[in-house]
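A short worksheet on the structure shown next.
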Amino acid sequence: MNRPRPKRSRSCIALLSLVAALVATASSEETCTQGRVATNACEKRSLVHNNWRWVPQAQHRCNITRISREEFHATFGPSGLPKLHPYPLVIYDEYSDADNEPRRNAIFVEKTTFENLPSCFPPEFNVTLSSSNSISAHRRTIPLVQYLEEITTIANGETYPDQLSNETWYLFGETYGVEWKRMLLDYEMPPCSTCEDRELSALAFGVGNCGSGVQWHTHGPGFSESIHGQKHWVLYPPERKPSYNSDYASRYWMETNYMDIENEDDMPWECTLNPGDLVYFPDQWHHATINLSPYTVFVSTFTTEHI
């Protein structure tokens, strides 16, 4: 699969982002999902558009091959993606907006809404949060309901580029206990040759607000699916380690390093996942993520094909 190489200058991308952001701001509240959770965040964004160059709710470029579920199955067959596929790939759900077709993971989608997620666990269930730097060096344990309240109210429900990564808390990675495994049983596994046996993969559940995410890092191959909200991915192949400031989270990199890239060949592989979309990240590819919605829920599947 060939990588598309759209030729756009940095100034052009910045202008398009600003125009899209202004259009989004002028749109009605319906463009902001998840009811009351989104309202404060959308109101706040209208105040900060002129302060940041990279705007989360703008339309972002995608130079990763996108393939529908139907095309995917026709291309790769019933066994799914072969082991150690060499390039990123986005699989989108063409049925997500259709009234007569069930969305992938429909049951799991319903149980993980902002309103329903706490009921998946015992009362006063605690979650372990990670800091947003590359190695997630710090931990913080608080009740799940407190975390949901914090990400939707503190700073009007948005994580900004100038927030330090060791002070930016994120629910992701520390979701391997008995309660999490029970909750994740309703998740439909990605289509890959090593995903049929759930014991051969590790599932990680994540929740974040607009602007949150994880700084550049690497690990083995796998998939990540957006369950609620949009999530932007940026990647570089193993031999091209990006430069970044470990004191800040991934949105800072988009605001500074990304917006200053002049040459098309220096741009990352990137794409935005919509609800129901999956991205395949190859083995040891550098990647960072930025959540674009006030309530973003995702599941990552770490496969064992590289072992």
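Scheme for the structure tokens: letters A, B, ... for chains in order shown; per-chain residue numbers from 1; ligand numbers from 1 in order shown.
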
Spatial neighbours of Pro237 in chain A, max dist 9 Å, only C-alpha atoms, sep filter under 4 positions, as a PyMOL selection string: chain A and resi 87+241+268-269+282+284-287

Strand (DSSP E or B) positions in range 116-259 of chain A, given as a ChimeraX atom specification: /A:126-131,139-143,158,164,169-172,192,202-208,210,217,222-228,231-236,248

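Close contacts of range 144-148 of chain A, defined as residues with an atom at most 8 Å away when counting only C-alpha atoms, with chain neighbours fewer than 4 positions off set aside, comprise Phe114, Pro118, Glu124, Phe125, Asn126, Val127 and Thr152 of chain A.
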
Long-range neighbours of Arg198 in chain A as a PyMOL selection string, 12 Å cut-off, only C-alpha atoms, 2 positions minimum in chain: chain A and resi 181+184-196+200-203+301-304

Contacts of Val214 in chain A at 12 Å (only C-alpha atoms; same-chain gap of 2+ positions) as an MDAnalysis selection string: chainID A and resid 130:137 159 164:166 168:173 206:208 211:212 216:218 231:234 246:254 286:291

For the residues in the current selection, export N, CA and C atoms as a CSV table (one decimal), in the first residue's frame.
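Saved the output as again07.csv:
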```csv
chain,number,residue,atom,x,y,z
A,130,SER,N,-2.2,7.5,34.7
A,130,SER,CA,-0.8,7.7,34.4
A,130,SER,C,-0.5,9.1,33.9
A,131,SER,N,0.7,9.6,34.2
A,131,SER,CA,1.1,10.9,33.6
A,131,SER,C,1.3,10.8,32.1
A,132,SER,N,1.2,11.9,31.4
A,132,SER,CA,1.2,11.9,30.0
A,132,SER,C,2.5,12.0,29.3
A,133,ASN,N,3.6,11.7,29.9
A,133,ASN,CA,4.9,11.7,29.3
A,133,ASN,C,5.1,10.4,28.6
A,134,SER,N,6.3,10.2,27.9
A,134,SER,CA,6.5,9.1,27.1
A,134,SER,C,6.5,7.8,27.8
A,135,ILE,N,7.0,7.8,29.1
A,135,ILE,CA,7.2,6.5,29.8
A,135,ILE,C,6.1,6.4,30.9
A,136,SER,N,5.2,7.3,30.9
A,136,SER,CA,4.1,7.3,31.9
A,136,SER,C,4.7,7.1,33.3
A,137,ALA,N,5.6,8.0,33.7
A,137,ALA,CA,6.5,7.8,34.9
A,137,ALA,C,5.7,7.9,36.2
A,159,THR,N,-7.5,19.8,27.9
A,159,THR,CA,-6.1,19.8,28.2
A,159,THR,C,-5.4,20.6,27.2
A,164,LEU,N,2.1,20.7,31.9
A,164,LEU,CA,3.2,19.8,32.0
A,164,LEU,C,2.7,18.4,32.0
A,165,SER,N,3.4,17.5,31.4
A,165,SER,CA,3.0,16.1,31.2
A,165,SER,C,2.9,15.4,32.6
A,166,ASN,N,3.8,15.7,33.5
A,166,ASN,CA,3.8,15.0,34.8
A,166,ASN,C,2.7,15.6,35.7
A,168,THR,N,-0.4,16.1,34.1
A,168,THR,CA,-1.6,15.8,33.3
A,168,THR,C,-1.9,14.4,33.4
A,169,TRP,N,-3.0,14.1,34.0
A,169,TRP,CA,-3.4,12.7,34.3
A,169,TRP,C,-4.3,12.1,33.3
A,170,TYR,N,-4.1,10.8,33.1
A,170,TYR,CA,-4.8,10.1,32.0
A,170,TYR,C,-5.1,8.7,32.3
A,171,LEU,N,-6.4,8.3,32.1
A,171,LEU,CA,-6.7,6.9,32.3
A,171,LEU,C,-6.4,6.1,31.1
A,172,PHE,N,-5.3,5.3,31.2
A,172,PHE,CA,-4.9,4.4,30.1
A,172,PHE,C,-3.8,3.5,30.6
A,173,GLY,N,-3.8,2.3,30.2
A,173,GLY,CA,-2.7,1.4,30.5
A,173,GLY,C,-2.9,0.6,31.8
A,206,GLY,N,-9.1,3.2,27.7
A,206,GLY,CA,-8.7,4.5,28.0
A,206,GLY,C,-9.8,5.5,27.8
A,207,VAL,N,-9.7,6.6,28.7
A,207,VAL,CA,-10.7,7.7,28.6
A,207,VAL,C,-9.9,9.0,28.8
A,208,GLY,N,-10.2,10.0,27.9
A,208,GLY,CA,-9.6,11.3,28.1
A,208,GLY,C,-10.5,12.4,27.5
A,211,GLY,N,-7.7,17.3,23.9
A,211,GLY,CA,-6.4,17.7,24.1
A,211,GLY,C,-5.5,16.8,24.8
A,212,SER,N,-6.1,15.8,25.5
A,212,SER,CA,-5.3,14.9,26.3
A,212,SER,C,-4.6,13.9,25.3
A,216,TRP,N,5.3,10.9,22.6
A,216,TRP,CA,5.9,9.9,21.7
A,216,TRP,C,6.5,8.8,22.5
A,217,HIS,N,6.2,7.5,22.0
A,217,HIS,CA,6.8,6.3,22.6
A,217,HIS,C,6.7,5.2,21.5
A,218,THR,N,7.3,4.1,21.9
A,218,THR,CA,7.2,2.9,21.0
A,218,THR,C,6.9,1.6,21.8
A,231,LYS,N,-10.0,10.7,17.8
A,231,LYS,CA,-8.6,10.6,18.3
A,231,LYS,C,-7.7,10.7,17.1
A,232,HIS,N,-6.7,11.6,17.3
A,232,HIS,CA,-5.7,11.8,16.2
A,232,HIS,C,-4.4,11.1,16.5
A,233,TRP,N,-3.9,10.4,15.5
A,233,TRP,CA,-2.7,9.6,15.6
A,233,TRP,C,-1.6,10.2,14.7
A,234,VAL,N,-0.4,10.3,15.3
A,234,VAL,CA,0.8,10.7,14.5
A,234,VAL,C,1.9,9.6,14.7
A,246,SER,N,10.0,16.2,26.6
A,246,SER,CA,9.4,15.2,27.5
A,246,SER,C,8.6,15.8,28.7
A,247,ASP,N,8.8,17.2,28.9
A,247,ASP,CA,8.1,17.8,30.0
A,247,ASP,C,6.7,18.1,29.6
A,248,TYR,N,6.3,18.0,28.4
A,248,TYR,CA,4.9,18.3,27.9
A,248,TYR,C,4.3,17.1,27.3
A,249,ALA,N,2.9,17.1,27.2
A,249,ALA,CA,2.2,16.1,26.5
A,249,ALA,C,2.2,16.2,25.0
A,250,SER,N,1.5,15.4,24.3
A,250,SER,CA,1.5,15.3,22.9
A,250,SER,C,0.9,16.5,22.2
A,251,ARG,N,0.0,17.2,22.8
A,251,ARG,CA,-0.6,18.4,22.2
A,251,ARG,C,0.4,19.5,22.0
A,252,TYR,N,1.4,19.5,23.0
A,252,TYR,CA,2.4,20.5,22.9
A,252,TYR,C,3.3,20.3,21.6
A,253,TRP,N,3.6,19.0,21.3
A,253,TRP,CA,4.3,18.7,20.1
A,253,TRP,C,3.6,19.1,18.9
A,254,MET,N,2.3,18.9,18.8
A,254,MET,CA,1.5,19.4,17.7
A,254,MET,C,1.5,20.9,17.6
A,286,HIS,N,7.3,4.8,16.2
A,286,HIS,CA,7.1,5.9,17.1
A,286,HIS,C,5.7,6.4,16.9
A,287,HIS,N,5.0,6.7,18.0
A,287,HIS,CA,3.7,7.3,17.8
A,287,HIS,C,3.3,8.1,19.0
A,288,ALA,N,2.4,9.1,18.8
A,288,ALA,CA,1.8,9.9,19.8
A,288,ALA,C,0.3,10.0,19.5
A,289,THR,N,-0.5,10.3,20.5
A,289,THR,CA,-2.0,10.4,20.3
A,289,THR,C,-2.5,11.7,20.9
A,290,ILE,N,-3.5,12.3,20.3
A,290,ILE,CA,-4.2,13.4,20.9
A,290,ILE,C,-5.7,13.2,20.8
A,291,ASN,N,-6.4,13.2,21.9
A,291,ASN,CA,-7.9,13.1,21.9
A,291,ASN,C,-8.5,14.4,21.4
```

Gly229 in chain A surroundings by only C-alpha atoms, 9 Å radius, close-in-sequence under 2 positions cut, as number ranges by chain: A: 33-34, 226-227, 231, 273-275, 291-298

Would you save the residues of that selection, restricted to C-alpha atoms, as a compact mmCIF listing (two decimals), in the first residue's frame?
```txt
# COMPACT_ATOMS: atom_id res chain seq x y z
CA THR A 33 -21.12 15.38 21.19
CA GLN A 34 -22.01 13.77 24.50
CA SER A 226 -12.08 4.84 18.98
CA ILE A 227 -15.27 3.94 20.85
CA LYS A 231 -8.64 10.63 18.30
CA LEU A 273 -10.05 8.09 14.05
CA ASN A 274 -13.80 8.56 14.16
CA PRO A 275 -16.00 6.43 16.43
CA ASN A 291 -7.86 13.10 21.86
CA LEU A 292 -10.06 15.55 19.97
CA SER A 293 -13.40 15.21 21.77
CA PRO A 294 -14.58 16.20 25.27
CA TYR A 295 -15.27 12.55 26.08
CA THR A 296 -12.96 10.21 24.15
CA VAL A 297 -13.04 6.48 24.88
CA PHE A 298 -10.79 3.96 23.16
```

Point-to-point distance from CA of Thr113 in chain A to CA of Gln57 in chain A, Å rounded to tenths: 20.3 Å

Expected answer as a PyMOL selection string: alpha helix (DSSP H) residues in range 24-243 of chain A: chain A and resi 24-26+36-48+69-76+106-111+144-153+178-183

Selected residue of minimal separation from Ala58 in chain A among A:Met183, A:Gln230, A:Met267, A:Leu84, counting only C-alpha atoms: A:Gln230

Non-local contacts of Tyr280 in chain A (10 Å; only C-alpha atoms; under 3 positions in same chain excluded) as an MDAnalysis selection string: chainID A and resid 81 85:91 190 192 221:225 283 300:301
